[in-house]
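Quick look at data-v8.cif (mmCIF, N, CA and C atoms):
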```cif
data_target
loop_
_atom_site.label_atom_id
_atom_site.label_comp_id
_atom_site.auth_asym_id
_atom_site.auth_seq_id
_atom_site.Cartn_x
_atom_site.Cartn_y
_atom_site.Cartn_z
N MET D 44 -56.56 -54.96 -24.83
CA MET D 44 -57.29 -55.37 -23.64
C MET D 44 -58.78 -55.06 -23.87
N THR D 45 -59.61 -56.02 -23.59
CA THR D 45 -61.05 -55.85 -23.79
C THR D 45 -61.65 -55.04 -22.65
N LEU D 46 -62.86 -54.57 -22.88
CA LEU D 46 -63.57 -53.81 -21.86
C LEU D 46 -63.77 -54.66 -20.61
N LEU D 47 -64.09 -55.92 -20.80
CA LEU D 47 -64.30 -56.81 -19.65
C LEU D 47 -63.02 -56.97 -18.84
N GLU D 48 -61.88 -57.07 -19.50
CA GLU D 48 -60.60 -57.18 -18.80
C GLU D 48 -60.28 -55.90 -18.03
N VAL D 49 -60.55 -54.76 -18.65
CA VAL D 49 -60.32 -53.47 -17.98
C VAL D 49 -61.20 -53.35 -16.74
N LEU D 50 -62.48 -53.72 -16.88
CA LEU D 50 -63.40 -53.65 -15.74
C LEU D 50 -62.99 -54.62 -14.63
N ALA D 51 -62.57 -55.82 -15.02
CA ALA D 51 -62.14 -56.81 -14.01
C ALA D 51 -60.90 -56.32 -13.28
N ARG D 52 -59.95 -55.77 -14.01
CA ARG D 52 -58.74 -55.25 -13.38
C ARG D 52 -59.08 -54.09 -12.43
N GLY D 53 -59.94 -53.19 -12.88
CA GLY D 53 -60.35 -52.06 -12.04
C GLY D 53 -61.08 -52.51 -10.80
N ALA D 54 -61.98 -53.49 -10.95
CA ALA D 54 -62.72 -54.01 -9.79
C ALA D 54 -61.76 -54.67 -8.80
N GLY D 55 -60.78 -55.39 -9.31
CA GLY D 55 -59.78 -56.00 -8.43
C GLY D 55 -58.98 -54.96 -7.66
N ALA D 56 -58.61 -53.88 -8.36
CA ALA D 56 -57.86 -52.81 -7.70
C ALA D 56 -58.70 -52.15 -6.61
N ILE D 57 -59.97 -51.91 -6.90
CA ILE D 57 -60.87 -51.32 -5.90
C ILE D 57 -60.95 -52.22 -4.67
N ALA D 58 -61.14 -53.51 -4.90
CA ALA D 58 -61.24 -54.45 -3.77
C ALA D 58 -59.95 -54.48 -2.96
N ALA D 59 -58.81 -54.44 -3.64
CA ALA D 59 -57.52 -54.47 -2.93
C ALA D 59 -57.33 -53.21 -2.09
N TYR D 60 -57.60 -52.05 -2.67
CA TYR D 60 -57.47 -50.81 -1.91
C TYR D 60 -58.46 -50.76 -0.75
N ALA D 61 -59.67 -51.23 -1.00
CA ALA D 61 -60.67 -51.24 0.08
C ALA D 61 -60.22 -52.14 1.22
N ALA D 62 -59.64 -53.29 0.89
CA ALA D 62 -59.16 -54.20 1.93
C ALA D 62 -58.05 -53.55 2.75
N VAL D 63 -57.10 -52.91 2.09
CA VAL D 63 -56.02 -52.22 2.81
C VAL D 63 -56.62 -51.10 3.67
N GLY D 64 -57.56 -50.36 3.13
CA GLY D 64 -58.19 -49.28 3.89
C GLY D 64 -58.91 -49.78 5.13
N VAL D 65 -59.66 -50.86 4.98
CA VAL D 65 -60.39 -51.42 6.13
C VAL D 65 -59.41 -51.94 7.19
N ILE D 66 -58.35 -52.59 6.74
CA ILE D 66 -57.34 -53.08 7.69
C ILE D 66 -56.73 -51.90 8.46
N LEU D 67 -56.42 -50.82 7.75
CA LEU D 67 -55.84 -49.64 8.42
C LEU D 67 -56.83 -49.03 9.41
N LEU D 68 -58.10 -48.99 9.06
CA LEU D 68 -59.10 -48.46 9.99
C LEU D 68 -59.20 -49.34 11.24
N ILE D 69 -59.13 -50.64 11.06
CA ILE D 69 -59.18 -51.55 12.21
C ILE D 69 -57.94 -51.36 13.09
N VAL D 70 -56.76 -51.31 12.45
CA VAL D 70 -55.53 -51.06 13.20
C VAL D 70 -55.63 -49.73 13.93
N GLY D 71 -56.10 -48.70 13.24
CA GLY D 71 -56.26 -47.38 13.86
C GLY D 71 -57.19 -47.42 15.06
N PHE D 72 -58.29 -48.14 14.94
CA PHE D 72 -59.22 -48.26 16.06
C PHE D 72 -58.53 -48.88 17.27
N TYR D 73 -57.77 -49.95 17.05
CA TYR D 73 -57.13 -50.62 18.17
C TYR D 73 -55.98 -49.81 18.77
N VAL D 74 -55.32 -49.00 17.97
CA VAL D 74 -54.29 -48.11 18.51
C VAL D 74 -54.95 -47.05 19.40
N ILE D 75 -56.08 -46.50 18.93
CA ILE D 75 -56.82 -45.53 19.74
C ILE D 75 -57.29 -46.21 21.03
N ASP D 76 -57.77 -47.44 20.91
CA ASP D 76 -58.22 -48.20 22.08
C ASP D 76 -57.08 -48.37 23.07
N TRP D 77 -55.88 -48.67 22.57
CA TRP D 77 -54.71 -48.83 23.43
C TRP D 77 -54.37 -47.52 24.15
N ALA D 78 -54.56 -46.38 23.48
CA ALA D 78 -54.16 -45.09 24.03
C ALA D 78 -55.20 -44.50 24.99
N THR D 79 -56.35 -45.12 25.09
CA THR D 79 -57.39 -44.62 25.99
C THR D 79 -57.67 -45.67 27.07
N PRO D 80 -58.14 -45.22 28.22
CA PRO D 80 -58.42 -46.18 29.29
C PRO D 80 -59.69 -46.97 29.00
N GLY D 81 -59.71 -48.19 29.43
CA GLY D 81 -60.89 -49.02 29.24
C GLY D 81 -60.96 -49.59 27.83
N LYS D 82 -61.97 -50.39 27.59
CA LYS D 82 -62.17 -50.99 26.27
C LYS D 82 -63.05 -50.05 25.46
N LEU D 83 -62.47 -49.46 24.43
CA LEU D 83 -63.13 -48.40 23.66
C LEU D 83 -64.48 -48.83 23.10
N SER D 84 -64.55 -50.03 22.55
CA SER D 84 -65.83 -50.47 21.98
C SER D 84 -66.91 -50.54 23.05
N GLU D 85 -66.55 -50.93 24.26
CA GLU D 85 -67.51 -50.96 25.37
C GLU D 85 -67.91 -49.56 25.80
N ILE D 86 -66.94 -48.67 25.87
CA ILE D 86 -67.22 -47.29 26.27
C ILE D 86 -68.20 -46.64 25.29
N ILE D 87 -68.01 -46.92 24.01
CA ILE D 87 -68.88 -46.34 22.99
C ILE D 87 -70.23 -47.05 22.96
N ARG D 88 -70.21 -48.37 22.95
CA ARG D 88 -71.44 -49.14 22.78
C ARG D 88 -72.33 -49.13 24.03
N THR D 89 -71.77 -49.40 25.19
CA THR D 89 -72.62 -49.53 26.37
C THR D 89 -72.77 -48.24 27.15
N GLN D 90 -71.67 -47.47 27.27
CA GLN D 90 -71.76 -46.21 28.00
C GLN D 90 -72.25 -45.07 27.11
N ARG D 91 -72.20 -45.30 25.80
CA ARG D 91 -72.64 -44.30 24.81
C ARG D 91 -71.93 -42.96 25.04
N ASN D 92 -70.61 -43.06 25.30
CA ASN D 92 -69.82 -41.89 25.64
C ASN D 92 -69.55 -41.04 24.40
N ALA D 93 -70.07 -39.83 24.42
CA ALA D 93 -69.96 -38.92 23.27
C ALA D 93 -68.51 -38.49 23.02
N ASN D 94 -67.74 -38.29 24.07
CA ASN D 94 -66.35 -37.87 23.91
C ASN D 94 -65.52 -38.96 23.22
N ALA D 95 -65.65 -40.19 23.70
CA ALA D 95 -64.92 -41.31 23.10
C ALA D 95 -65.35 -41.51 21.65
N THR D 96 -66.63 -41.39 21.38
CA THR D 96 -67.14 -41.56 20.03
C THR D 96 -66.61 -40.48 19.10
N LEU D 97 -66.65 -39.24 19.53
CA LEU D 97 -66.17 -38.13 18.70
C LEU D 97 -64.67 -38.25 18.41
N LEU D 98 -63.90 -38.56 19.42
CA LEU D 98 -62.45 -38.69 19.23
C LEU D 98 -62.11 -39.87 18.32
N THR D 99 -62.82 -40.95 18.47
CA THR D 99 -62.56 -42.13 17.64
C THR D 99 -62.98 -41.88 16.20
N THR D 100 -64.16 -41.33 15.99
CA THR D 100 -64.61 -41.08 14.62
C THR D 100 -63.73 -40.06 13.91
N SER D 101 -63.27 -39.06 14.61
CA SER D 101 -62.41 -38.06 13.96
C SER D 101 -61.05 -38.67 13.59
N ALA D 102 -60.53 -39.53 14.44
CA ALA D 102 -59.26 -40.20 14.13
C ALA D 102 -59.42 -41.14 12.94
N LEU D 103 -60.54 -41.86 12.88
CA LEU D 103 -60.78 -42.76 11.75
C LEU D 103 -61.02 -41.97 10.46
N ALA D 104 -61.69 -40.83 10.55
CA ALA D 104 -61.85 -39.98 9.36
C ALA D 104 -60.50 -39.50 8.86
N ALA D 105 -59.61 -39.16 9.78
CA ALA D 105 -58.27 -38.71 9.41
C ALA D 105 -57.50 -39.83 8.71
N ILE D 106 -57.63 -41.04 9.21
CA ILE D 106 -56.98 -42.18 8.56
C ILE D 106 -57.57 -42.37 7.16
N GLY D 107 -58.86 -42.21 7.05
CA GLY D 107 -59.51 -42.31 5.73
C GLY D 107 -58.97 -41.28 4.75
N LEU D 108 -58.71 -40.06 5.22
CA LEU D 108 -58.11 -39.04 4.35
C LEU D 108 -56.73 -39.47 3.87
N ILE D 109 -55.95 -40.03 4.76
CA ILE D 109 -54.60 -40.47 4.41
C ILE D 109 -54.66 -41.62 3.41
N VAL D 110 -55.55 -42.56 3.64
CA VAL D 110 -55.71 -43.68 2.70
C VAL D 110 -56.13 -43.17 1.33
N ALA D 111 -57.10 -42.26 1.30
CA ALA D 111 -57.57 -41.71 0.02
C ALA D 111 -56.44 -40.99 -0.72
N ALA D 112 -55.65 -40.21 -0.01
CA ALA D 112 -54.53 -39.49 -0.64
C ALA D 112 -53.49 -40.46 -1.16
N SER D 113 -53.26 -41.53 -0.42
CA SER D 113 -52.29 -42.54 -0.87
C SER D 113 -52.75 -43.21 -2.15
N ILE D 114 -54.02 -43.52 -2.22
CA ILE D 114 -54.57 -44.12 -3.43
C ILE D 114 -54.47 -43.12 -4.59
N TRP D 115 -54.84 -41.90 -4.33
CA TRP D 115 -54.80 -40.85 -5.35
C TRP D 115 -53.39 -40.68 -5.93
N SER D 116 -52.40 -40.73 -5.05
CA SER D 116 -51.02 -40.49 -5.48
C SER D 116 -50.37 -41.70 -6.12
N SER D 117 -51.04 -42.85 -6.12
CA SER D 117 -50.43 -44.06 -6.66
C SER D 117 -50.27 -44.02 -8.17
N GLY D 118 -51.02 -43.18 -8.84
CA GLY D 118 -50.87 -43.03 -10.29
C GLY D 118 -51.21 -44.28 -11.08
N GLY D 119 -52.07 -45.13 -10.55
CA GLY D 119 -52.49 -46.32 -11.28
C GLY D 119 -51.57 -47.51 -11.16
N ARG D 120 -50.49 -47.38 -10.42
CA ARG D 120 -49.56 -48.50 -10.21
C ARG D 120 -50.02 -49.26 -8.97
N LEU D 121 -50.67 -50.37 -9.20
CA LEU D 121 -51.37 -51.06 -8.11
C LEU D 121 -50.44 -51.53 -7.00
N ALA D 122 -49.41 -52.26 -7.31
CA ALA D 122 -48.53 -52.80 -6.25
C ALA D 122 -47.90 -51.67 -5.45
N GLU D 123 -47.37 -50.66 -6.13
CA GLU D 123 -46.77 -49.52 -5.43
C GLU D 123 -47.83 -48.75 -4.65
N GLY D 124 -48.99 -48.61 -5.23
CA GLY D 124 -50.07 -47.90 -4.55
C GLY D 124 -50.52 -48.59 -3.29
N LEU D 125 -50.66 -49.91 -3.33
CA LEU D 125 -51.07 -50.66 -2.14
C LEU D 125 -50.00 -50.58 -1.04
N ALA D 126 -48.73 -50.71 -1.46
CA ALA D 126 -47.64 -50.61 -0.48
C ALA D 126 -47.59 -49.21 0.12
N GLY D 127 -47.69 -48.20 -0.72
CA GLY D 127 -47.68 -46.81 -0.23
C GLY D 127 -48.85 -46.53 0.69
N THR D 128 -50.02 -47.03 0.33
CA THR D 128 -51.21 -46.83 1.16
C THR D 128 -51.01 -47.47 2.53
N ALA D 129 -50.48 -48.67 2.56
CA ALA D 129 -50.24 -49.36 3.83
C ALA D 129 -49.23 -48.60 4.69
N VAL D 130 -48.11 -48.22 4.08
CA VAL D 130 -47.05 -47.52 4.83
C VAL D 130 -47.54 -46.15 5.30
N PHE D 131 -48.09 -45.37 4.38
CA PHE D 131 -48.54 -44.02 4.75
C PHE D 131 -49.70 -44.08 5.75
N GLY D 132 -50.54 -45.07 5.62
CA GLY D 132 -51.63 -45.24 6.59
C GLY D 132 -51.10 -45.53 7.98
N LEU D 133 -50.12 -46.41 8.07
CA LEU D 133 -49.51 -46.72 9.36
C LEU D 133 -48.80 -45.51 9.95
N VAL D 134 -48.10 -44.75 9.09
CA VAL D 134 -47.45 -43.52 9.56
C VAL D 134 -48.51 -42.55 10.09
N GLY D 135 -49.62 -42.44 9.38
CA GLY D 135 -50.71 -41.56 9.82
C GLY D 135 -51.25 -41.97 11.18
N ILE D 136 -51.39 -43.27 11.40
CA ILE D 136 -51.87 -43.77 12.69
C ILE D 136 -50.89 -43.39 13.80
N VAL D 137 -49.61 -43.56 13.54
CA VAL D 137 -48.59 -43.20 14.53
C VAL D 137 -48.63 -41.70 14.81
N VAL D 138 -48.71 -40.89 13.74
CA VAL D 138 -48.74 -39.43 13.89
C VAL D 138 -49.96 -39.02 14.71
N GLN D 139 -51.11 -39.61 14.42
CA GLN D 139 -52.33 -39.28 15.17
C GLN D 139 -52.16 -39.59 16.65
N THR D 140 -51.60 -40.75 16.94
CA THR D 140 -51.44 -41.17 18.33
C THR D 140 -50.45 -40.27 19.07
N VAL D 141 -49.33 -39.97 18.42
CA VAL D 141 -48.33 -39.09 19.04
C VAL D 141 -48.93 -37.71 19.27
N ALA D 142 -49.66 -37.20 18.29
CA ALA D 142 -50.27 -35.87 18.43
C ALA D 142 -51.25 -35.84 19.60
N MET D 143 -52.01 -36.91 19.75
CA MET D 143 -52.96 -36.99 20.85
C MET D 143 -52.22 -36.95 22.19
N LEU D 144 -51.14 -37.69 22.29
CA LEU D 144 -50.36 -37.71 23.54
C LEU D 144 -49.64 -36.39 23.78
N VAL D 145 -49.17 -35.74 22.71
CA VAL D 145 -48.52 -34.43 22.84
C VAL D 145 -49.52 -33.39 23.32
N PHE D 146 -50.71 -33.38 22.72
CA PHE D 146 -51.74 -32.44 23.17
C PHE D 146 -52.05 -32.66 24.64
N ASP D 147 -52.08 -33.90 25.03
CA ASP D 147 -52.33 -34.22 26.43
C ASP D 147 -51.31 -33.53 27.33
N LYS D 148 -50.04 -33.58 26.95
CA LYS D 148 -48.97 -33.00 27.78
C LYS D 148 -48.84 -31.49 27.61
N VAL D 149 -48.84 -31.00 26.37
CA VAL D 149 -48.57 -29.58 26.11
C VAL D 149 -49.77 -28.69 26.41
N VAL D 150 -50.92 -29.09 25.91
CA VAL D 150 -52.11 -28.26 26.05
C VAL D 150 -52.87 -28.58 27.32
N GLY D 151 -52.64 -29.75 27.85
CA GLY D 151 -53.30 -30.13 29.10
C GLY D 151 -54.71 -30.66 28.89
N ILE D 152 -55.01 -31.14 27.68
CA ILE D 152 -56.32 -31.75 27.42
C ILE D 152 -56.11 -33.26 27.37
N SER D 153 -56.53 -33.92 28.39
CA SER D 153 -56.27 -35.35 28.55
C SER D 153 -57.37 -36.19 27.90
N VAL D 154 -56.98 -36.96 26.91
CA VAL D 154 -57.92 -37.89 26.29
C VAL D 154 -58.39 -38.90 27.32
N ARG D 155 -57.49 -39.34 28.15
CA ARG D 155 -57.83 -40.32 29.19
C ARG D 155 -58.93 -39.78 30.12
N GLU D 156 -58.87 -38.49 30.43
CA GLU D 156 -59.91 -37.89 31.28
C GLU D 156 -61.19 -37.64 30.50
N LEU D 157 -61.05 -37.24 29.24
CA LEU D 157 -62.23 -36.94 28.43
C LEU D 157 -63.14 -38.14 28.27
N VAL D 158 -62.54 -39.31 28.06
CA VAL D 158 -63.39 -40.49 27.83
C VAL D 158 -64.07 -40.98 29.11
N LYS D 159 -63.73 -40.41 30.23
CA LYS D 159 -64.41 -40.73 31.48
C LYS D 159 -65.62 -39.82 31.71
N GLU D 160 -65.68 -38.72 30.97
CA GLU D 160 -66.76 -37.74 31.14
C GLU D 160 -68.01 -38.20 30.39
N PRO D 161 -69.16 -38.19 31.04
CA PRO D 161 -70.38 -38.63 30.36
C PRO D 161 -70.95 -37.60 29.36
N GLU D 162 -70.67 -36.34 29.58
CA GLU D 162 -71.20 -35.27 28.71
C GLU D 162 -70.12 -34.84 27.73
N LEU D 163 -70.54 -34.43 26.53
CA LEU D 163 -69.60 -33.96 25.52
C LEU D 163 -68.86 -32.73 26.03
N GLN D 164 -67.55 -32.75 25.94
CA GLN D 164 -66.70 -31.70 26.47
C GLN D 164 -66.07 -30.87 25.34
N PRO D 165 -65.82 -29.57 25.59
CA PRO D 165 -65.15 -28.72 24.58
C PRO D 165 -63.79 -29.28 24.16
N GLY D 166 -63.06 -29.88 25.08
CA GLY D 166 -61.75 -30.45 24.75
C GLY D 166 -61.86 -31.57 23.72
N ALA D 167 -62.94 -32.33 23.77
CA ALA D 167 -63.15 -33.41 22.79
C ALA D 167 -63.36 -32.82 21.41
N ARG D 168 -64.08 -31.72 21.34
CA ARG D 168 -64.28 -31.04 20.05
C ARG D 168 -62.95 -30.54 19.49
N LEU D 169 -62.15 -29.94 20.35
CA LEU D 169 -60.85 -29.42 19.93
C LEU D 169 -59.95 -30.56 19.42
N LEU D 170 -59.88 -31.64 20.17
CA LEU D 170 -59.05 -32.76 19.75
C LEU D 170 -59.59 -33.44 18.49
N ALA D 171 -60.89 -33.46 18.32
CA ALA D 171 -61.48 -34.04 17.11
C ALA D 171 -61.07 -33.24 15.87
N VAL D 172 -61.15 -31.93 15.97
CA VAL D 172 -60.73 -31.08 14.84
C VAL D 172 -59.23 -31.24 14.61
N THR D 173 -58.47 -31.34 15.67
CA THR D 173 -57.03 -31.55 15.55
C THR D 173 -56.74 -32.88 14.84
N ASN D 174 -57.47 -33.93 15.18
CA ASN D 174 -57.30 -35.22 14.50
C ASN D 174 -57.50 -35.08 13.00
N VAL D 175 -58.59 -34.44 12.61
CA VAL D 175 -58.89 -34.29 11.19
C VAL D 175 -57.84 -33.41 10.51
N ALA D 176 -57.40 -32.34 11.19
CA ALA D 176 -56.38 -31.46 10.61
C ALA D 176 -55.06 -32.21 10.40
N ILE D 177 -54.67 -33.02 11.37
CA ILE D 177 -53.45 -33.81 11.22
C ILE D 177 -53.60 -34.81 10.09
N GLY D 178 -54.75 -35.41 9.98
CA GLY D 178 -55.00 -36.33 8.87
C GLY D 178 -54.93 -35.63 7.53
N LEU D 179 -55.48 -34.44 7.45
CA LEU D 179 -55.45 -33.67 6.21
C LEU D 179 -54.01 -33.26 5.86
N ILE D 180 -53.28 -32.80 6.84
CA ILE D 180 -51.87 -32.41 6.63
C ILE D 180 -51.07 -33.63 6.14
N THR D 181 -51.26 -34.76 6.79
CA THR D 181 -50.55 -35.98 6.40
C THR D 181 -50.98 -36.41 5.00
N ALA D 182 -52.26 -36.31 4.70
CA ALA D 182 -52.76 -36.69 3.38
C ALA D 182 -52.14 -35.82 2.28
N VAL D 183 -52.08 -34.52 2.51
CA VAL D 183 -51.51 -33.63 1.51
C VAL D 183 -50.01 -33.91 1.36
N ALA D 184 -49.34 -34.25 2.44
CA ALA D 184 -47.93 -34.60 2.37
C ALA D 184 -47.71 -35.83 1.50
N VAL D 185 -48.65 -36.74 1.50
CA VAL D 185 -48.56 -37.95 0.68
C VAL D 185 -48.65 -37.59 -0.80
N ILE D 186 -49.52 -36.65 -1.10
CA ILE D 186 -49.73 -36.26 -2.50
C ILE D 186 -48.52 -35.49 -2.98
#
```
File written out as structure tokens:
Amino acid sequence: MTLLEVLARGAGAIAAYAAVGVILLIVGFYVIDWATPGKLSEIIRTQRNANATLLTTSALAAIGLIVAASIWSSGGRLAEGLAGTAVFGLVGIVVQTVAMLVFDKVVGISVRELVKEPELQPGARLLAVTNVAIGLITAVAVI
């Protein structure tokens, strides 16, 4: 295999993984949107709500960790790696959503209430760190 063929194959793999990652981030965003009241993009863009922004960015960072771990664990097998990344990414999105709803019930920190608050709240910080921790735990489980 020539250097050009190796580079073309590698570039194709990067593009494929990036596409799967972007799709998972979009799916993750819409799942978060579904789990919160109102239209999330509007809450962030027009209301400039810090709580909604922090919770969304932390959840997307967590999904990114899971996607990166899935790619890392693929061992260079593109088809298996893409399938694993898609499946593990979707599992991560489900786990994040369930964890958010569980925290709402068990700890009493309501995401639905937080995104209505105009000022950044301590509960949003706690849930943001929890999102990233769950993403990290899920990512390590993939590896």
I'd like to see the residues matched by the PyMOL selection byres (((chain D and resi 111 and name CA) around 10) and name CA) on this file, and ideally I'd get them as a PDB file with N, CA and C atoms, in the coordinates of the input.
```pdb
ATOM      1  N   TYR D  60     -57.600 -52.050  -2.670  1.00  0.00           N
ATOM      2  CA  TYR D  60     -57.470 -50.810  -1.910  1.00  0.00           C
ATOM      3  C   TYR D  60     -58.460 -50.760  -0.750  1.00  0.00           C
ATOM      4  N   GLY D  64     -57.560 -50.360   3.130  1.00  0.00           N
ATOM      5  CA  GLY D  64     -58.190 -49.280   3.890  1.00  0.00           C
ATOM      6  C   GLY D  64     -58.910 -49.780   5.130  1.00  0.00           C
ATOM      7  N   ALA D 105     -59.610 -39.160   9.780  1.00  0.00           N
ATOM      8  CA  ALA D 105     -58.270 -38.710   9.410  1.00  0.00           C
ATOM      9  C   ALA D 105     -57.500 -39.830   8.710  1.00  0.00           C
ATOM     10  N   ILE D 106     -57.630 -41.040   9.210  1.00  0.00           N
ATOM     11  CA  ILE D 106     -56.980 -42.180   8.560  1.00  0.00           C
ATOM     12  C   ILE D 106     -57.570 -42.370   7.160  1.00  0.00           C
ATOM     13  N   GLY D 107     -58.860 -42.210   7.050  1.00  0.00           N
ATOM     14  CA  GLY D 107     -59.510 -42.310   5.730  1.00  0.00           C
ATOM     15  C   GLY D 107     -58.970 -41.280   4.750  1.00  0.00           C
ATOM     16  N   LEU D 108     -58.710 -40.060   5.220  1.00  0.00           N
ATOM     17  CA  LEU D 108     -58.110 -39.040   4.350  1.00  0.00           C
ATOM     18  C   LEU D 108     -56.730 -39.470   3.870  1.00  0.00           C
ATOM     19  N   ILE D 109     -55.950 -40.030   4.760  1.00  0.00           N
ATOM     20  CA  ILE D 109     -54.600 -40.470   4.410  1.00  0.00           C
ATOM     21  C   ILE D 109     -54.660 -41.620   3.410  1.00  0.00           C
ATOM     22  N   VAL D 110     -55.550 -42.560   3.640  1.00  0.00           N
ATOM     23  CA  VAL D 110     -55.710 -43.680   2.700  1.00  0.00           C
ATOM     24  C   VAL D 110     -56.130 -43.170   1.330  1.00  0.00           C
ATOM     25  N   ALA D 112     -55.650 -40.210  -0.010  1.00  0.00           N
ATOM     26  CA  ALA D 112     -54.530 -39.490  -0.640  1.00  0.00           C
ATOM     27  C   ALA D 112     -53.490 -40.460  -1.160  1.00  0.00           C
ATOM     28  N   SER D 113     -53.260 -41.530  -0.420  1.00  0.00           N
ATOM     29  CA  SER D 113     -52.290 -42.540  -0.870  1.00  0.00           C
ATOM     30  C   SER D 113     -52.750 -43.210  -2.150  1.00  0.00           C
ATOM     31  N   ILE D 114     -54.020 -43.520  -2.220  1.00  0.00           N
ATOM     32  CA  ILE D 114     -54.570 -44.120  -3.430  1.00  0.00           C
ATOM     33  C   ILE D 114     -54.470 -43.120  -4.590  1.00  0.00           C
ATOM     34  N   TRP D 115     -54.840 -41.900  -4.330  1.00  0.00           N
ATOM     35  CA  TRP D 115     -54.800 -40.850  -5.350  1.00  0.00           C
ATOM     36  C   TRP D 115     -53.390 -40.680  -5.930  1.00  0.00           C
ATOM     37  N   SER D 116     -52.400 -40.730  -5.050  1.00  0.00           N
ATOM     38  CA  SER D 116     -51.020 -40.490  -5.480  1.00  0.00           C
ATOM     39  C   SER D 116     -50.370 -41.700  -6.120  1.00  0.00           C
ATOM     40  N   THR D 128     -50.020 -47.030   0.330  1.00  0.00           N
ATOM     41  CA  THR D 128     -51.210 -46.830   1.160  1.00  0.00           C
ATOM     42  C   THR D 128     -51.010 -47.470   2.530  1.00  0.00           C
ATOM     43  N   GLY D 132     -50.540 -45.070   5.620  1.00  0.00           N
ATOM     44  CA  GLY D 132     -51.630 -45.240   6.590  1.00  0.00           C
ATOM     45  C   GLY D 132     -51.100 -45.530   7.980  1.00  0.00           C
ATOM     46  N   ALA D 182     -52.260 -36.310   4.700  1.00  0.00           N
ATOM     47  CA  ALA D 182     -52.760 -36.690   3.380  1.00  0.00           C
ATOM     48  C   ALA D 182     -52.140 -35.820   2.280  1.00  0.00           C
ATOM     49  N   VAL D 185     -48.650 -36.740   1.500  1.00  0.00           N
ATOM     50  CA  VAL D 185     -48.560 -37.950   0.680  1.00  0.00           C
ATOM     51  C   VAL D 185     -48.650 -37.590  -0.800  1.00  0.00           C
ATOM     52  N   ILE D 186     -49.520 -36.650  -1.100  1.00  0.00           N
ATOM     53  CA  ILE D 186     -49.730 -36.260  -2.500  1.00  0.00           C
ATOM     54  C   ILE D 186     -48.520 -35.490  -2.980  1.00  0.00           C
TER      55      ILE D 186
END
```
DSSP-assigned alpha helix (DSSP H) members of range 47-120 of chain D, reported as a ChimeraX atom specification: /D:47-78,83-88,93-116
Across D:Ala93, D:Leu68, D:Val145, D:Ala129, the smallest distance to Pro161 in chain D, with only N, CA and C atoms counted, is shown by D:Ala93
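CA of Ile57 in chain D is positioned 12.0 Å from atom N of Arg120 in chain D.
Picture a line from CA of Gln90 in chain D to CA of Phe146 in chain D; it runs 24.8 Å.
Using all atoms listed in the file, the nearest neighbour of Ala56 in chain D within the list D:Ile87, D:Val130, D:Leu121, D:Val74 is D:Leu121.
The coordinates place CA of Ala54 in chain D at 28.8 Å from atom N of Thr100 in chain D.
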Take the PyMOL selection byres ((chain D and resi 175) around 8), run it mentally on this structure, and tell me the resulting residues as a PyMOL selection string. chain D and resi 100-106+169-174+176-181
For Ile75 in chain D, list every protein, DNA or RNA residue within 12 Å, evaluated using only C-alpha atoms, and leave out those in the same chain fewer than 4 positions away; present the list as a ChimeraX atom specification. /D:68-71,79-84,95-103,106,136-144,154-155,158,174
